[in-house]
Structures are given as structure tokens and as C-alpha cells.
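Asker: Right, I'll just put the structure down here and ask away after.
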Amino acid sequence: MKKGIYPGSFDPVTLGHLDIIKRASKLSDELVIGVLKNSSKTPLFTVEERVELLKKVTGDIPNIRIETYDGLLVDFARQEKADFLVRGLRAVTDFEYEIQIAQTNHKMYPDVDTIFFTTSIEYSFVSSSLVREIASYGGDISAFVPKCIMSDIYEKYKKRTED
Ligand code: ADP
């Protein structure tokens, strides 16, 4: 059985992430989506909320499991006995950072390899930070995130301004 881990912050999940999830799940017996807890950035959504949003958008994909992790990705990969890690590449700027991480992870845990998926062209500029920026001003995010989570994102900003 081949098990992959797709790690990330997913703050929030975007159509770009979902595209990678769908494509990577087809190549895996099981794909574990690893939601990072202790990100150095202060996230917009709590880890529990990010998991809920991921559950909403991946409900129709059978071989997916969503877990949270903190600490080193290689430790999570070891614990899961994963065969490979999945990362998405949008542009050369992603590549420089990602190759360093992939080589480090392979050095620390040689049993796991990193598989890169190049982004589908229509999502190449989509990022969670772009979605957050647009939504914070009430702009239209329908081209960037699945429809079923749009209201959750707008609600989050509404609540923030009320607090
Ligand atoms: P991180 O904080 O670890 O970068 P993200 O949630 O931003 O987490 O991204 C997780 C993974 O998804 C990364 O490999 C990133 O390159 C990839 N990714 C993000 N947005 C896209 C996109 N639009 N198309 C393809 N891959 C993407």
C-alpha cells in the first residue's frame, strides 16, 4: 500500500490545494493531509477550523484522511509510515525553497521521498495569503476557493471586525 502525506498550513484551503489533493490521491492508496499546528505565522483559522474546511471540500474523495501535526514533518512521516510527501510547485520561487526542504527531509528520513506536482495553470497564482487579502476587503474570492467554504471565510473576517 502506498501512502502519501500532503502537508501544509491550508489557511484556508484553496482551489490550488484541492487540485493537488485530487491529483495526488489518484496516485496514492491513501493520502493523508497533514495540517500544520505550530506554524510560525499566526493563522487566520485555528487548526480545528482548517481541518473542518478541508473536510468540507474533500468529502467526495474516498482515500483521504485529514490529520494535524506539529514538530518535524519527517517525524510525522515516520509515525504514519508514509512512502512519499506531496508538495505543489507554482513557480521558480517555490522551487528554491522546496528543493532545500525535500533534500533535508530525505537526508533525515531516507525512506521517504518528495513528489512534486506542478500547479494546473489556472491556479498558478492562487495562494492562501492572496485569498485572505482579498476576503479581508470583502472582495470576490469565488475563483480561488471552493464555493462551499466561501461564506466561512467571509464570516471569519466579519467576526474579527465585530470583536
Ligand atoms: P505551507 O505553509 O507549508 O507553504 P500551504 O498551505 O501554503 O502551506 O501550501 C501547501 C502546499 O501546497 C505547498 O506545497 C504549496 O506549494 C502548495 N500550493 C499552495 N497553493 C498552490 C497552488 N495554487 N497550486 C499548487 N500548489 C499549491
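Numbering starts fresh at 1 for the residues of each chain in the C-alpha cells, the chains themselves are lettered A, B, ... in the order given, and ligands are numbered from 1 as they appear.
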Just want the residues within 10 Å of ligand 1, written as a PyMOL selection string, counting only C-alpha atoms and all ligand atoms.

Answerer: chain A and resi 6-21+33-36+39-41+43+85-91+93-95+97-98+115-130+144-145

Asker: What lies within 8 Å of region 56-66 of chain A using only C-alpha atoms, ignoring chain neighbours under 3 positions off, as a list of chain:residue names?

Answerer: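 Skipping anything fewer than 3 positions along the chain leaves A:Leu18, A:Lys22, A:Ser25, A:Ser28, A:Asp29, A:Glu30, A:Leu31, A:Val32, A:Ile33, A:Gly34, A:Val35, A:Val51, A:Glu52, A:Leu53, A:Pro146, A:Cys148, A:Ile149.
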
Asker: I need the residues in region 3-156 of chain A that are strand (DSSP E) according to DSSP; give them as a PyMOL selection string.

Answerer: chain A and resi 3-8+30-36+64-69+84-89+113-118

Asker: Between CA of Thr46 (chain A) and CA of Ala135 (chain A), what is the distance in Å, rounded to a tenth?

Answerer: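 Distance between the two atoms: 17.0 Å.
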
Asker: If you count only C-alpha atoms, which residues fall within 12 Å of Asp75 (chain A), apart from same-chain ones fewer than 2 positions away, as a short mmCIF file (atom, residue, chain, number, x, y, z; two decimals) with N, CA, C and O atoms, in the first residue's frame?

Answerer:
```cif
data_model
loop_
_atom_site.label_atom_id
_atom_site.label_comp_id
_atom_site.auth_asym_id
_atom_site.auth_seq_id
_atom_site.Cartn_x
_atom_site.Cartn_y
_atom_site.Cartn_z
N ILE A 5 1.74 11.79 2.12
CA ILE A 5 1.33 12.86 3.03
C ILE A 5 1.41 14.17 2.27
O ILE A 5 2.44 14.47 1.65
N GLY A 34 -1.80 16.54 6.01
CA GLY A 34 -1.22 16.91 7.31
C GLY A 34 -1.34 18.40 7.52
O GLY A 34 -0.71 19.19 6.81
N TYR A 69 -0.56 17.88 12.72
CA TYR A 69 0.75 17.50 13.27
C TYR A 69 1.48 18.76 13.67
O TYR A 69 1.20 19.85 13.19
N ASP A 70 2.41 18.59 14.62
CA ASP A 70 3.35 19.68 14.87
C ASP A 70 4.74 19.08 14.98
O ASP A 70 4.89 17.87 14.97
N GLY A 71 5.72 19.94 15.02
CA GLY A 71 7.08 19.43 15.03
C GLY A 71 7.55 19.15 13.62
O GLY A 71 7.02 19.71 12.65
N LEU A 72 8.49 18.24 13.51
CA LEU A 72 9.11 17.98 12.21
C LEU A 72 8.23 17.11 11.32
O LEU A 72 7.67 16.11 11.78
N LEU A 73 8.18 17.47 10.05
CA LEU A 73 7.41 16.69 9.08
C LEU A 73 7.93 15.26 8.99
O LEU A 73 7.16 14.31 8.88
N ALA A 77 5.95 11.80 9.24
CA ALA A 77 6.02 10.82 8.14
C ALA A 77 6.43 9.44 8.68
O ALA A 77 5.89 8.41 8.26
N ARG A 78 7.34 9.44 9.64
CA ARG A 78 7.78 8.19 10.25
C ARG A 78 6.63 7.53 11.02
O ARG A 78 6.37 6.34 10.89
N GLN A 79 5.95 8.37 11.79
CA GLN A 79 4.81 7.90 12.59
C GLN A 79 3.73 7.30 11.68
O GLN A 79 3.13 6.27 11.99
N GLU A 80 3.51 7.91 10.54
CA GLU A 80 2.49 7.44 9.60
C GLU A 80 3.00 6.32 8.69
O GLU A 80 2.24 5.76 7.92
N LYS A 81 4.30 6.08 8.75
CA LYS A 81 4.95 5.12 7.82
C LYS A 81 4.63 5.49 6.37
O LYS A 81 4.24 4.63 5.55
N ALA A 82 4.78 6.76 6.08
CA ALA A 82 4.45 7.25 4.73
C ALA A 82 5.54 6.88 3.74
O ALA A 82 6.71 6.79 4.11
N ASN A 105 14.69 16.70 4.19
CA ASN A 105 13.80 15.64 4.68
C ASN A 105 14.32 14.25 4.27
O ASN A 105 14.28 13.31 5.05
N HIS A 106 14.83 14.16 3.04
CA HIS A 106 15.33 12.88 2.56
C HIS A 106 16.57 12.45 3.32
O HIS A 106 16.76 11.27 3.62
N MET A 108 17.20 13.29 6.45
CA MET A 108 16.80 12.92 7.81
C MET A 108 16.01 11.62 7.85
O MET A 108 16.02 10.91 8.86
N TYR A 109 15.31 11.32 6.74
CA TYR A 109 14.48 10.12 6.70
C TYR A 109 14.51 9.55 5.27
O TYR A 109 13.62 9.82 4.46
N ASP A 111 13.77 6.90 3.90
CA ASP A 111 12.68 6.05 3.41
C ASP A 111 11.58 6.85 2.73
O ASP A 111 10.69 6.27 2.11
N VAL A 112 11.61 8.16 2.90
CA VAL A 112 10.52 8.97 2.33
C VAL A 112 11.05 9.87 1.22
O VAL A 112 12.13 10.44 1.33
#
```

Asker: Could you write out, as number ranges by chain, all the residues of chain A that DSSP marks as alpha helix (DSSP H)?

Answerer: A: 15-26, 47-58, 73-80, 92-108, 128-136, 150-162

Asker: Just how far from CA of Leu54 (chain A) is CA of Tyr137 (chain A), in Å to one decimal?

Answerer: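 These atoms are spaced 23.2 Å apart.
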